[in-house]
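Content type mmCIF, C-alpha atoms and all ligand atoms, from the file coords-v8.cif:
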data_coords
loop_
_atom_site.label_atom_id
_atom_site.label_comp_id
_atom_site.auth_asym_id
_atom_site.auth_seq_id
_atom_site.Cartn_x
_atom_site.Cartn_y
_atom_site.Cartn_z
CA MET A 1 130.24 119.70 107.77
CA THR A 2 128.25 118.15 110.61
CA ASP A 3 130.77 116.58 113.00
CA SER A 4 128.56 116.18 116.05
CA ARG A 5 124.97 116.19 117.24
CA GLU A 6 125.66 119.69 118.54
CA ASP A 7 126.58 120.82 114.99
CA ALA A 8 123.28 119.38 113.77
CA ALA A 9 121.39 121.17 116.57
CA ALA A 10 123.05 124.43 115.52
CA LEU A 11 121.77 123.89 111.97
CA ASP A 12 118.28 123.42 113.39
CA ARG A 13 118.55 126.67 115.32
CA GLY A 14 119.39 128.48 112.07
CA ASP A 15 116.64 126.74 110.07
CA PRO A 16 114.01 129.24 108.85
CA LEU A 17 111.42 126.40 108.65
CA SER A 18 112.06 125.01 112.14
CA ALA A 19 108.82 126.42 113.61
CA PHE A 20 106.72 124.30 111.23
CA ARG A 21 107.56 121.10 113.11
CA ASP A 22 105.38 122.18 116.05
CA ARG A 23 102.43 122.38 113.71
CA PHE A 24 102.48 118.61 113.28
CA VAL A 25 101.69 115.73 115.63
CA ILE A 26 105.05 113.97 116.05
CA ASP A 27 106.09 111.26 118.50
CA PRO A 28 109.09 112.76 120.33
CA ASP A 29 110.59 109.30 120.90
CA VAL A 30 110.78 108.47 117.23
CA VAL A 31 113.17 109.63 114.51
CA TYR A 32 110.73 109.72 111.63
CA LEU A 33 112.56 109.39 108.30
CA ASP A 34 109.70 108.13 106.19
CA GLY A 35 107.78 111.26 105.28
CA ASN A 36 108.25 110.30 101.63
CA SER A 37 106.08 107.26 102.29
CA LEU A 38 103.54 108.79 104.67
CA GLY A 39 103.85 112.40 105.82
CA CYS A 40 103.09 113.49 109.41
CA LEU A 41 99.70 114.67 110.66
CA PRO A 42 99.26 118.47 110.63
CA ARG A 43 97.49 119.84 113.72
CA ALA A 44 95.37 122.05 111.47
CA THR A 45 94.06 118.89 109.82
CA VAL A 46 92.82 117.56 113.14
CA ALA A 47 90.81 120.74 113.70
CA ARG A 48 89.57 120.87 110.11
CA LEU A 49 88.38 117.27 110.17
CA GLU A 50 86.64 117.77 113.51
CA GLY A 51 84.78 120.72 111.99
CA LEU A 52 83.89 118.75 108.90
CA VAL A 53 82.63 115.78 110.88
CA ALA A 54 80.47 118.18 112.92
CA GLN A 55 79.15 119.66 109.65
CA TRP A 56 78.30 116.16 108.46
CA GLY A 57 76.40 115.59 111.70
CA GLU A 58 74.54 118.89 111.54
CA ARG A 59 73.93 119.27 107.83
CA GLY A 60 73.84 115.71 106.52
CA VAL A 61 73.23 115.47 102.79
CA ARG A 62 72.84 119.26 102.50
CA GLY A 63 76.63 119.45 102.85
CA TRP A 64 77.02 118.48 99.20
CA ASP A 65 75.57 121.81 98.11
CA GLU A 66 77.41 123.69 100.83
CA GLY A 67 80.88 123.19 99.36
CA TRP A 68 81.58 119.47 99.36
CA LEU A 69 80.88 118.92 95.66
CA GLU A 70 83.27 121.72 94.77
CA LEU A 71 86.22 120.28 96.68
CA PRO A 72 87.80 118.17 93.89
CA VAL A 73 88.06 121.31 91.76
CA SER A 74 88.71 123.97 94.42
CA VAL A 75 91.38 121.92 96.22
CA GLY A 76 92.81 120.98 92.82
CA ASP A 77 93.14 124.65 91.86
CA ARG A 78 94.87 125.51 95.13
CA LEU A 79 97.19 122.53 94.84
CA GLY A 80 97.95 123.40 91.22
CA GLU A 81 98.84 126.97 92.05
CA ALA A 82 100.83 126.37 95.25
CA VAL A 83 102.62 123.14 94.38
CA LEU A 84 102.44 122.19 90.71
CA GLY A 85 102.96 125.44 88.84
CA ALA A 86 99.57 125.01 87.18
CA ALA A 87 97.08 127.79 86.48
CA PRO A 88 93.51 127.17 87.72
CA GLY A 89 91.21 124.84 85.80
CA GLN A 90 93.81 122.13 85.09
CA VAL A 91 93.92 120.02 88.26
CA VAL A 92 91.32 117.90 90.07
CA VAL A 93 91.75 115.75 93.16
CA GLY A 94 90.01 112.42 93.61
CA ASP A 95 90.64 108.65 93.23
CA SER A 96 93.93 106.96 94.11
CA THR A 97 97.16 107.61 92.22
CA THR A 98 96.76 104.22 90.57
CA VAL A 99 93.27 105.04 89.28
CA CYS A 100 94.22 108.58 88.20
CA PHE A 101 97.21 107.12 86.37
CA TYR A 102 95.03 104.51 84.65
CA LYS A 103 92.55 107.18 83.55
CA LEU A 104 95.18 109.42 81.99
CA VAL A 105 97.05 106.51 80.40
CA CYS A 106 93.85 105.41 78.65
CA ALA A 107 92.92 108.96 77.72
CA ALA A 108 96.36 109.57 76.21
CA LEU A 109 96.35 106.31 74.24
CA ASP A 110 92.90 107.04 72.83
CA ALA A 111 94.20 110.41 71.70
CA ARG A 112 97.03 108.77 69.70
CA PRO A 113 95.23 106.08 67.68
CA GLY A 114 97.32 103.93 65.36
CA ARG A 115 100.46 104.17 67.51
CA SER A 116 101.39 100.90 69.14
CA GLN A 117 104.03 101.69 71.76
CA ILE A 118 104.14 102.84 75.39
CA VAL A 119 107.48 103.82 76.92
CA THR A 120 108.39 103.79 80.61
CA ASP A 121 111.51 103.04 82.62
CA LEU A 122 112.46 99.92 84.54
CA ASP A 123 112.82 101.89 87.78
CA ASN A 124 109.36 103.40 87.66
CA PHE A 125 107.10 102.82 90.67
CA PRO A 126 105.46 99.34 90.65
CA THR A 127 101.85 100.51 90.41
CA ASP A 128 102.68 102.53 87.29
CA ARG A 129 104.50 99.58 85.72
CA TYR A 130 101.67 97.17 86.51
CA VAL A 131 98.93 99.47 85.20
CA LEU A 132 100.90 99.89 81.97
CA GLU A 133 101.36 96.13 81.65
CA GLY A 134 97.61 95.63 82.06
CA VAL A 135 96.64 98.37 79.61
CA ALA A 136 99.21 97.22 77.05
CA LYS A 137 97.89 93.67 77.28
CA ALA A 138 94.26 94.69 77.03
CA ARG A 139 94.92 96.87 73.97
CA GLY A 140 97.56 94.72 72.26
CA LEU A 141 100.23 97.44 72.58
CA ARG A 142 103.97 97.04 73.09
CA LEU A 143 105.48 98.24 76.36
CA VAL A 144 109.05 99.43 75.87
CA TRP A 145 111.23 99.51 78.98
CA LEU A 146 113.89 102.21 79.09
CA ASP A 147 116.94 101.13 81.08
CA GLY A 148 118.36 104.55 81.84
CA ASP A 149 117.47 108.09 82.87
CA PRO A 150 114.36 109.71 81.36
CA GLU A 151 116.51 112.07 79.29
CA THR A 152 117.79 109.05 77.31
CA VAL A 153 114.27 108.42 76.01
CA THR A 154 115.56 109.48 72.57
CA THR A 155 117.07 105.96 72.31
CA VAL A 156 113.66 104.26 72.30
CA ILE A 157 111.06 106.82 71.23
CA GLY A 158 109.79 106.73 67.65
CA PRO A 159 106.86 107.40 65.32
CA ASP A 160 104.99 104.47 66.89
CA THR A 161 105.18 105.86 70.41
CA ALA A 162 101.81 106.95 71.74
CA LEU A 163 102.67 107.58 75.39
CA VAL A 164 105.78 108.09 77.51
CA THR A 165 105.56 108.06 81.29
CA PHE A 166 108.16 108.53 84.04
CA SER A 167 108.31 109.60 87.65
CA HIS A 168 109.69 113.11 88.00
CA VAL A 169 111.54 112.18 91.21
CA SER A 170 112.44 108.47 91.31
CA TYR A 171 110.96 106.63 94.30
CA LEU A 172 114.21 104.63 94.54
CA SER A 173 117.17 106.86 93.87
CA ALA A 174 115.48 110.30 94.18
CA ARG A 175 116.94 111.41 90.83
CA ILE A 176 115.06 114.33 89.32
CA ALA A 177 114.22 114.16 85.63
CA ASP A 178 114.69 117.18 83.38
CA MET A 179 111.00 117.76 82.84
CA ALA A 180 111.20 120.48 80.20
CA ARG A 181 113.69 118.52 78.11
CA VAL A 182 111.76 115.25 78.24
CA ASN A 183 108.48 117.04 77.45
CA SER A 184 110.01 118.57 74.38
CA ILE A 185 111.52 115.27 73.15
CA VAL A 186 108.17 113.52 73.57
CA GLU A 187 106.20 116.30 71.96
CA ASP A 188 108.57 116.36 68.96
CA ALA A 189 107.87 112.65 68.49
CA GLY A 190 104.14 113.37 68.45
CA ALA A 191 103.51 111.34 71.63
CA LEU A 192 102.00 112.38 74.96
CA MET A 193 104.01 112.62 78.19
CA LEU A 194 102.53 111.65 81.57
CA TRP A 195 104.45 112.46 84.77
CA ASP A 196 104.08 110.83 88.17
CA LEU A 197 104.81 113.59 90.68
CA SER A 198 104.27 111.57 93.86
CA HIS A 199 107.80 112.21 95.18
CA SER A 200 107.99 115.75 93.81
CA ALA A 201 104.88 117.58 94.99
CA GLY A 202 105.71 119.51 98.14
CA SER A 203 109.41 118.63 98.06
CA VAL A 204 110.83 120.16 94.86
CA PRO A 205 109.58 122.99 92.64
CA VAL A 206 107.36 121.77 89.82
CA SER A 207 106.35 123.96 86.91
CA LEU A 208 103.90 122.00 84.80
CA ASP A 209 102.70 125.02 82.82
CA GLY A 210 106.18 126.52 82.50
CA ASP A 211 107.71 123.24 81.34
CA ASP A 212 104.90 122.50 78.87
CA ALA A 213 103.84 119.26 80.56
CA PRO A 214 100.76 117.72 78.98
CA LEU A 215 99.69 115.32 81.76
CA ALA A 216 100.56 114.50 85.37
CA VAL A 217 99.33 112.61 88.40
CA GLY A 218 100.63 112.26 91.93
CA CYS A 219 99.74 111.35 95.47
CA THR A 220 99.11 113.68 98.41
CA TYR A 221 100.03 111.55 101.41
CA LYS A 222 103.80 112.07 101.17
CA TYR A 223 105.14 115.65 101.24
CA LEU A 224 101.61 117.08 101.19
CA ASN A 225 100.83 115.33 104.48
CA ALA A 226 97.21 114.57 103.62
CA GLY A 227 97.06 111.22 105.43
CA PRO A 228 96.95 107.51 104.68
CA GLY A 229 95.10 106.78 101.45
CA ALA A 230 94.43 110.46 100.72
CA PRO A 231 93.26 111.03 97.14
CA ALA A 232 95.58 111.82 94.26
CA TYR A 233 95.41 114.55 91.62
CA MET A 234 95.33 114.71 87.85
CA TYR A 235 96.67 117.55 85.73
CA VAL A 236 95.59 117.89 82.12
CA ARG A 237 96.96 120.86 80.18
CA ARG A 238 94.09 123.15 79.28
CA GLU A 239 94.38 122.75 75.50
CA LEU A 240 94.15 118.96 75.78
CA GLN A 241 91.05 118.81 77.95
CA ALA A 242 88.50 118.87 75.16
CA GLU A 243 90.38 116.22 73.17
CA LEU A 244 91.10 113.73 75.95
CA ARG A 245 88.44 111.35 77.34
CA GLN A 246 89.04 109.36 80.47
CA PRO A 247 87.62 105.83 80.52
CA ILE A 248 85.63 105.71 83.79
CA TRP A 249 82.36 107.35 82.88
CA GLY A 250 80.90 107.91 86.30
CA TRP A 251 78.02 110.23 87.06
CA LEU A 252 80.13 112.98 88.59
CA GLY A 253 82.16 113.33 85.40
CA ARG A 254 78.97 113.89 83.43
CA ARG A 255 77.58 117.22 82.33
CA ASP A 256 74.98 118.03 84.99
CA PRO A 257 75.14 114.78 86.99
CA PHE A 258 71.91 115.48 88.82
CA GLU A 259 69.95 115.45 85.60
CA MET A 260 70.34 111.65 85.92
CA ALA A 261 69.59 111.50 82.21
CA PRO A 262 70.30 108.52 79.94
CA GLY A 263 73.63 108.56 78.11
CA TYR A 264 77.02 109.86 79.21
CA GLU A 265 78.19 113.24 78.04
CA ALA A 266 81.46 114.36 79.63
CA ALA A 267 81.46 117.59 81.58
CA THR A 268 83.70 120.25 80.10
CA GLY A 269 87.10 121.01 81.62
CA MET A 270 88.59 119.03 84.48
CA ARG A 271 85.20 117.94 85.82
CA GLY A 272 85.06 115.51 82.94
CA PHE A 273 88.02 113.69 84.48
CA LEU A 274 86.12 112.94 87.69
CA SER A 275 84.15 109.73 88.10
CA GLY A 276 82.45 109.15 91.46
CA THR A 277 81.60 110.74 94.79
CA PRO A 278 84.49 112.82 96.18
CA PRO A 279 86.20 111.68 99.41
CA VAL A 280 85.24 114.83 101.30
CA LEU A 281 87.09 114.24 104.58
CA ALA A 282 90.31 113.32 102.80
CA LEU A 283 90.00 116.25 100.40
CA ALA A 284 89.88 118.62 103.36
CA ALA A 285 93.09 117.02 104.62
CA VAL A 286 94.71 117.61 101.21
CA ASP A 287 93.65 121.24 101.44
CA GLU A 288 95.34 121.66 104.83
CA GLY A 289 98.53 119.97 103.65
CA VAL A 290 98.67 122.22 100.59
CA ARG A 291 98.10 125.30 102.78
CA LEU A 292 101.14 124.43 104.90
CA VAL A 293 103.37 123.95 101.87
CA ALA A 294 102.11 127.23 100.39
CA GLU A 295 102.78 129.05 103.64
CA ALA A 296 106.32 127.69 103.97
CA GLY A 297 107.04 128.31 100.29
CA ILE A 298 108.40 125.68 97.93
CA ASP A 299 111.75 127.47 97.53
CA ALA A 300 112.43 127.36 101.27
CA ILE A 301 111.28 123.72 101.35
CA ARG A 302 113.61 122.88 98.48
CA ALA A 303 116.57 124.67 100.09
CA LYS A 304 116.08 122.68 103.29
CA GLY A 305 115.57 119.42 101.38
CA ILE A 306 118.95 119.98 99.72
CA ALA A 307 120.63 120.84 103.05
CA LEU A 308 119.19 117.74 104.77
CA THR A 309 120.21 115.38 101.96
CA GLU A 310 123.67 116.97 101.70
CA CYS A 311 124.11 116.45 105.44
CA ALA A 312 123.07 112.78 105.18
CA ILE A 313 125.36 112.15 102.20
CA ALA A 314 128.36 113.76 103.91
CA LEU A 315 127.76 111.52 106.94
CA ALA A 316 127.31 108.45 104.73
CA ASP A 317 130.67 109.17 103.08
CA GLU A 318 132.34 109.66 106.43
CA PHE A 319 130.80 106.44 107.80
CA GLY A 320 131.62 104.42 104.66
CA ILE A 321 127.96 103.83 103.71
CA ARG A 322 127.25 103.59 99.97
CA VAL A 323 125.07 106.34 98.51
CA ALA A 324 122.75 105.28 95.68
CA SER A 325 121.23 108.73 95.04
CA PRO A 326 122.62 111.35 92.66
CA ARG A 327 125.47 113.36 94.20
CA ASP A 328 124.45 116.53 92.42
CA PRO A 329 121.82 118.17 94.67
CA ALA A 330 120.18 119.78 91.64
CA ARG A 331 119.41 116.25 90.38
CA ARG A 332 118.18 114.84 93.71
CA GLY A 333 114.83 115.08 95.51
CA ALA A 334 114.33 115.09 99.27
CA HIS A 335 115.23 111.50 100.09
CA VAL A 336 118.48 109.60 100.09
CA ALA A 337 118.92 106.01 99.01
CA LEU A 338 121.69 104.19 100.86
CA SER A 339 122.65 100.76 99.69
CA HIS A 340 123.86 97.85 101.76
CA PRO A 341 123.63 94.07 101.22
CA ASP A 342 121.84 93.71 104.59
CA ALA A 343 119.45 96.58 103.92
CA ARG A 344 116.32 94.64 104.89
CA ALA A 345 117.69 93.50 108.23
CA LEU A 346 119.20 96.92 108.95
CA CYS A 347 115.84 98.62 108.36
CA ALA A 348 114.13 96.20 110.73
CA ARG A 349 116.76 96.89 113.40
CA LEU A 350 116.50 100.67 112.88
CA ILE A 351 112.75 100.49 113.45
CA GLU A 352 113.33 98.55 116.70
CA ARG A 353 115.51 101.47 117.79
CA GLY A 354 112.83 104.04 116.96
CA VAL A 355 114.38 105.22 113.67
CA ILE A 356 111.82 104.85 110.87
CA PRO A 357 113.26 104.53 107.33
CA ASP A 358 111.97 102.19 104.70
CA TYR A 359 113.43 99.29 102.83
CA ARG A 360 113.22 98.95 99.07
CA ARG A 361 114.38 95.82 97.41
CA PRO A 362 116.94 94.64 96.66
CA ASP A 363 119.38 96.58 98.86
CA VAL A 364 118.12 100.11 99.51
CA ILE A 365 117.58 101.85 102.84
CA ARG A 366 115.57 104.97 102.08
CA PHE A 367 115.83 107.95 104.42
CA GLY A 368 113.04 110.37 103.51
CA PHE A 369 113.40 113.93 104.76
CA SER A 370 110.32 116.10 105.01
CA PRO A 371 111.58 119.66 105.19
CA LEU A 372 108.60 120.81 107.28
CA THR A 373 109.12 118.19 109.98
CA THR A 374 112.61 116.65 109.75
CA ARG A 375 115.36 118.24 111.82
CA PHE A 376 119.11 118.06 111.20
CA VAL A 377 119.41 116.19 114.52
CA ASP A 378 117.07 113.56 113.04
CA VAL A 379 119.46 113.13 110.13
CA TRP A 380 122.34 112.84 112.59
CA ASP A 381 120.51 110.35 114.84
CA GLY A 382 119.39 108.23 111.90
CA MET A 383 122.81 108.08 110.28
CA VAL A 384 124.60 107.37 113.56
CA ALA A 385 122.15 104.58 114.40
CA LEU A 386 122.74 103.06 110.96
CA ARG A 387 126.52 103.26 111.36
CA GLU A 388 126.29 101.52 114.75
CA LEU A 389 124.09 98.75 113.39
CA ILE A 390 126.39 98.16 110.45
CA ALA A 391 129.40 98.07 112.80
CA THR A 392 127.75 95.55 115.14
CA GLY A 393 126.50 93.53 112.18
CA ALA A 394 122.76 93.19 111.58
CA PRO A 395 122.08 89.46 111.23
CA PRO A 396 122.04 88.82 107.47
CA GLY A 397 118.60 88.09 106.09
CA SER A 398 116.79 88.84 109.38
CA GLY A 399 113.86 91.23 109.61
C1 LIG B 1 105.70 107.18 92.40
C2 LIG B 1 104.50 106.59 93.06
N1 LIG B 1 103.37 106.41 92.35
C3 LIG B 1 102.26 105.85 92.92
C4 LIG B 1 102.27 105.47 94.25
C5 LIG B 1 101.12 104.83 94.91
O1 LIG B 1 99.90 104.82 94.25
P1 LIG B 1 98.56 104.66 95.12
O2 LIG B 1 98.40 105.95 95.88
O3 LIG B 1 97.50 104.40 94.16
O4 LIG B 1 98.78 103.53 96.06
C6 LIG B 1 103.42 105.66 95.01
C7 LIG B 1 103.44 105.23 96.43
O5 LIG B 1 104.39 105.29 97.15
C8 LIG B 1 104.57 106.22 94.40
O6 LIG B 1 105.69 106.39 95.10
#
Mind converting the file's structure to structure tokens?
Amino acid sequence: MTDSREDAAALDRGDPLSAFRDRFVIDPDVVYLDGNSLGCLPRATVARLEGLVAQWGERGVRGWDEGWLELPVSVGDRLGEAVLGAAPGQVVVGDSTTVCFYKLVCAALDARPGRSQIVTDLDNFPTDRYVLEGVAKARGLRLVWLDGDPETVTTVIGPDTALVTFSHVSYLSARIADMARVNSIVEDAGALMLWDLSHSAGSVPVSLDGDDAPLAVGCTYKYLNAGPGAPAYMYVRRELQAELRQPIWGWLGRRDPFEMAPGYEAATGMRGFLSGTPPVLALAAVDEGVRLVAEAGIDAIRAKGIALTECAIALADEFGIRVASPRDPARRGAHVALSHPDARALCARLIERGVIPDYRRPDVIRFGFSPLTTRFVDVWDGMVALRELIATGAPPGSG
């Protein structure tokens, strides 16, 4: 139990990951509890980007043949191995999460012709919901909304289901889905499963190969600390790669793009899932973020994520703040959702005090803990600040 700031500081002294914090650029006057929205800047990334910018200056267009063109695949392989439990040749990095999601949604639907239904859950992240709405409308398909945990998909799945898609860790509550179980339910129904791993990668162990996941996407700017707007990744299980076709037939997804020949012919393997010119600077930042996670080890990261969230939940209970995340740590990612009717105003007031959470409608204050950068004293300071603001009464509706 953490009864004082001194108790929290003692936990930091015993934290095997504590040295990682110094490897990031962090404002000492801020309690940063939003690493699940945008992770902190690794110092190694600053150096890597400086080197890359110099290479751009010195080598110009020759850089493409000196490693740049390989980055979507080479960074994808490293990310797959260190973070996603995916053997090489199944992950590429490029495009935003939204675009990667769209590509795999279309590819999956094309691979299940004659089936008219897409299943997702009401709590899924907005961009996923909106993309599905658009695709369903364009193709005349029915979008079925599950109102419950992913494991209850048995209540809505059927022979007409072409695609099921959920977030592995919910952006709202942080609940973790049972990936292996859902994959097997969906596979038994003859549909394809697509995971959004944005809140999982770099915070909880993921075993795409081990859990027989067919498809996944996710962003890199949260727990992988790759920076604002950093590109996302796509995973396509090896056996599906020849069958699935993504819909954006750009030149860099073509067999031998520099042939510039008429007619599109998809490249084999994951290259066929690429479309346009890779964002080289941002890919290098993904690489550095992945390196840090690999060095720390996902098991140590997970253990600290559990300890930080347990600490926050114990304080929330003591302070009488409602917890909207699962209580079982095995079912919870690295953030904690706290609910309060004045959540919006409280978040605004926290930010004024230098505590950075985020607000999610209608009543959620999200405290995101990044195990490589968040200290136990940050949890203490954030929770105490919230208790004080609730006690003094944040003006309802302000902020
Ligand atoms: C689960 C999830 N999917 C997707 C996104 C964002 O997609 P994009 O990177 O295209 O903006 C987020 C952003 O927070 C997210 O939490």
Dump the neighbourhood of ligand LIG 1 (chain B) as JSON, numbers by chain: all residues within 7 Å, distances computed on all atoms listed in the file.
-> {"A": [37, 96, 97, 98, 99, 125, 127, 128, 167, 170, 171, 196, 197, 198, 199, 218, 219, 229, 232]}
Of the residues A:Ala285, A:Gly114, A:Val46, A:Met383, which is the one nearest to Val355 in chain A, using only C-alpha atoms?
-> A:Met383
To one decimal place, how far is CA of Ser18 in chain A from CA of Arg331 in chain A in Å?
->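 CA of Arg331 in chain A lies 24.6 Å from CA of Ser18 in chain A.
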Between CA of Gly85 in chain A and CA of Ala312 in chain A lies a distance of 28.8 Å
Distance of CA of Gly202 in chain A from CA of Asp299 in chain A, expressed in Å to one decimal place = 10.0 Å
Within 10 Å of range 360-368 of chain A, which residues of range 145-194 of chain A come that close, and what is the closest atom pair and distance in Å for each? Count all atoms listed in the file and give it as JSON lines.
{"residue": "A:Tyr171", "atom": "CA", "partner": "A:Arg366", "partner_atom": "CA", "distance": 9.2}
{"residue": "A:Leu172", "atom": "CA", "partner": "A:Arg360", "partner_atom": "CA", "distance": 7.3}
{"residue": "A:Ser173", "atom": "CA", "partner": "A:Arg366", "partner_atom": "CA", "distance": 8.6}
{"residue": "A:Ala174", "atom": "CA", "partner": "A:Arg366", "partner_atom": "CA", "distance": 9.5}
Selected residue of minimal separation from Glu133 in chain A among A:Thr120, A:Leu224, A:Asp178, A:Gly60, counting all atoms listed in the file | A:Thr120
Measuring atom to atom with only C-alpha atoms, identify which of A:Tyr221, A:Phe24, A:Phe376, A:Trp195 is nearest to Ala9 in chain A.
-> A:Phe376
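Considering all atoms listed in the file, the residue among A:Leu281, A:Phe258, A:Val323, A:Ser203 positioned nearest to Gln55 in chain A is A:Leu281.
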Which residue out of A:Ala216, A:Glu50, A:Ile356, A:Ala266 has the minimum interatomic distance to Asp27 in chain A when only C-alpha atoms are used?
->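 Nearest to Asp27 in chain A: A:Ile356.
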Using only C-alpha atoms, find each residue of range 276-338 of chain A with at least one atom at most 10 Å away from an atom of range 243-255 of chain A; report its shortest atom-to-atom pair and that distance in Å (one decimal), sort the rows by chain and rising residue number, and return the result as a Markdown table.
| residue | atom | partner | partner_atom | distance |
| --- | --- | --- | --- | --- |
| A:Gly276 | CA | A:Leu252 | CA | 5.3 |
| A:Thr277 | CA | A:Leu252 | CA | 6.8 |
| A:Pro278 | CA | A:Leu252 | CA | 8.8 |
Convert the current residue selection to file output with C-alpha atoms, as a PDB file, keeping the file's coordinate frame.
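Saved as selection.pdb:
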ATOM      1  CA  GLY A 276      82.450 109.150  91.460  1.00  0.00           C
ATOM      2  CA  THR A 277      81.600 110.740  94.790  1.00  0.00           C
ATOM      3  CA  PRO A 278      84.490 112.820  96.180  1.00  0.00           C
TER       4      PRO A 278
END
Residue with smallest distance to Ala316 in chain A - pool A:Trp380, A:Phe273, A:Tyr235, A:Trp64, counting all atoms listed in the file |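 Using all atoms listed in the file, the shortest distance to Ala316 in chain A belongs to A:Trp380.
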